[in-house]
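Accompanying notes for the structure given below.
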Amino acid sequence: MKRFIRILLLGILAGVAIALGGLASLAAKSLPDTTLGPILGAFIFPTGLITVCVIGFFLYTGKIGYAIDEKPKYLLDLLAGYIGNFIGAEFIGYICYAIPTFRNGSIGALAYNYSSTKAETPLLTSFLLAIICGMFVFIAVDIYKRKGGVLGAIGILLPTAAFVLIGAEHCIANMFYFSAANAWNLNLALNILVVTIGNSLGALILRGLIKGAEKLIDKPNS
């Protein structure tokens, strides 16, 4: 139980970090320059994931890929982390919604437009975009795990900015956006479910491929 609570708390902090990165990204995208805004927003968003990796918070999408390497009890860790991520992202989202200048300004408008778009996006499209996102997030986290330091931070920055720029879907970030817009409905709840599965599958596929490749590389020539 103590381990569950510990990971739950680390998960909440990770959800907060991702949500703050999402908030900063929305602020950048709301700039008058429609060309610079989205690019700047994409490169500010990774602040959340860098924080998660450097401090050691528990982000579901950063951990799920390693389920291949762990014992079955790791699934309980993932559950605790996911619940925590949801709580943290929702918490920041509804704080934003409660601030009139955010709710009634460009940040609120962007969050609402994003949520409306996702509610209308076919679930298959969201699923495929989520698989791509899961791969990018795993790449980012795995680079930091292997290299650390400045190189590791760059390894987080570029893949994360890339998935934001291409419009791939991240389940924890979506939790924040939907809450910041107070736009939750059945379609958005289904989006979270489908995107969570897609993020998980993308990370697991990539981890499996990397693990298989490493075994081939390390295997002595016969």
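We name chains A, B, ... following the order of the structure tokens; residues begin at 1 in each chain, and ligands are numbered from 1 as shown.
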If you run DSSP on this backbone, which residues of stretch 24-222 of chain A come out as helix (DSSP H, G or I), and could you give them as a PyMOL selection string?
-> chain A and resi 24-29+36-44+47-55+60-69+74-98+100-103+106-120+123-147+149-166+171-180+186-218
Shell of 7 Å around A:Ala111, only C-alpha atoms, local chain residues under 4 positions omitted, as a PDB file with N, CA, C and O atoms, in the first residue's frame:
ATOM      1  N   ILE A 107      -6.380  31.494 -24.180  1.00  0.00           N
ATOM      2  CA  ILE A 107      -5.992  30.172 -23.682  1.00  0.00           C
ATOM      3  C   ILE A 107      -7.218  29.277 -23.566  1.00  0.00           C
ATOM      4  O   ILE A 107      -7.222  28.123 -24.005  1.00  0.00           O
ATOM      5  N   SER A 115     -10.522  20.708 -27.673  1.00  0.00           N
ATOM      6  CA  SER A 115     -11.426  19.686 -27.148  1.00  0.00           C
ATOM      7  C   SER A 115     -12.546  19.380 -28.137  1.00  0.00           C
ATOM      8  O   SER A 115     -12.908  18.213 -28.344  1.00  0.00           O
ATOM      9  N   TYR A 177      -6.196  19.468 -21.263  1.00  0.00           N
ATOM     10  CA  TYR A 177      -6.897  20.345 -22.198  1.00  0.00           C
ATOM     11  C   TYR A 177      -8.411  20.257 -22.026  1.00  0.00           C
ATOM     12  O   TYR A 177      -9.108  21.280 -22.033  1.00  0.00           O
ATOM     13  N   PHE A 178      -8.931  19.042 -21.868  1.00  0.00           N
ATOM     14  CA  PHE A 178     -10.377  18.871 -21.726  1.00  0.00           C
ATOM     15  C   PHE A 178     -10.884  19.506 -20.431  1.00  0.00           C
ATOM     16  O   PHE A 178     -11.992  20.043 -20.383  1.00  0.00           O
ATOM     17  N   ALA A 180      -9.293  22.070 -18.797  1.00  0.00           N
ATOM     18  CA  ALA A 180      -9.115  23.520 -18.907  1.00  0.00           C
ATOM     19  C   ALA A 180     -10.268  24.156 -19.675  1.00  0.00           C
ATOM     20  O   ALA A 180     -10.584  25.335 -19.476  1.00  0.00           O
ATOM     21  N   ALA A 181     -10.904  23.379 -20.546  1.00  0.00           N
ATOM     22  CA  ALA A 181     -12.055  23.867 -21.309  1.00  0.00           C
ATOM     23  C   ALA A 181     -13.380  23.486 -20.644  1.00  0.00           C
ATOM     24  O   ALA A 181     -14.439  23.895 -21.109  1.00  0.00           O
TER      25      ALA A 181
END
Rank A:Val194, A:Ala80, A:Leu26, A:Ile154 by their smallest atom-to-atom distance to A:Thr125, using only C-alpha atoms, and report the top residue only.
-> A:Val194
Would you kindly return, as a list in words, each protein, DNA or RNA residue with an atom no farther than 10 Å from any atom of A:Lys63, considering only C-alpha atoms and excluding same-chain residues fewer than 2 positions away?
-> Phe58, Leu59, Tyr60, Thr61, Gly65, Tyr66, Ala67, Tyr74, Asp77, Leu78, Gly81, Tyr82, Val137, Phe138, Val141, Asp142, Ser200, Ala203 and Leu204 of chain A
Grab the residues selected above and save them as a compact mmCIF listing (two decimals), in the first residue's frame with C-alpha atoms.
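Below you can see out-v2.txt, which holds the result:
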# COMPACT_ATOMS: atom_id res chain seq x y z
CA PHE A 58 5.91 8.79 -12.51
CA LEU A 59 4.38 9.41 -15.93
CA TYR A 60 2.31 6.53 -17.29
CA THR A 61 3.25 7.14 -20.91
CA GLY A 65 6.98 0.72 -22.54
CA TYR A 66 9.13 -0.90 -19.85
CA ALA A 67 6.30 -3.23 -18.83
CA TYR A 74 4.46 -3.61 -12.31
CA ASP A 77 2.50 0.62 -10.41
CA LEU A 78 1.19 1.68 -13.80
CA GLY A 81 0.71 6.28 -11.77
CA TYR A 82 -2.11 6.62 -14.30
CA VAL A 137 7.45 9.65 -25.81
CA PHE A 138 9.27 6.34 -25.38
CA VAL A 141 12.29 8.92 -22.06
CA ASP A 142 14.66 6.17 -23.19
CA SER A 200 0.61 2.23 -24.57
CA ALA A 203 5.59 2.55 -26.46
CA LEU A 204 5.39 -1.25 -26.10
Given only C-alpha atoms, how would the per-residue table for stretch 46-79 of chain A near stretch 156-166 of chain A read, listing every residue at most 9 Å away with its closest atom pair and distance in Å to one decimal, sorted by chain and number, as a tab-separated table?
residue	atom	partner	partner_atom	distance
A:Pro46	CA	A:Leu157	CA	5.5
A:Thr47	CA	A:Leu157	CA	7.9
A:Leu49	CA	A:Ile156	CA	7.2
A:Ile50	CA	A:Ile156	CA	6.4
A:Cys53	CA	A:Ile156	CA	8.8
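Closest approach to A:Ala168 among A:Gly148, A:Gly198, A:Gly212, A:Gly155: A:Gly198, based on only C-alpha atoms.
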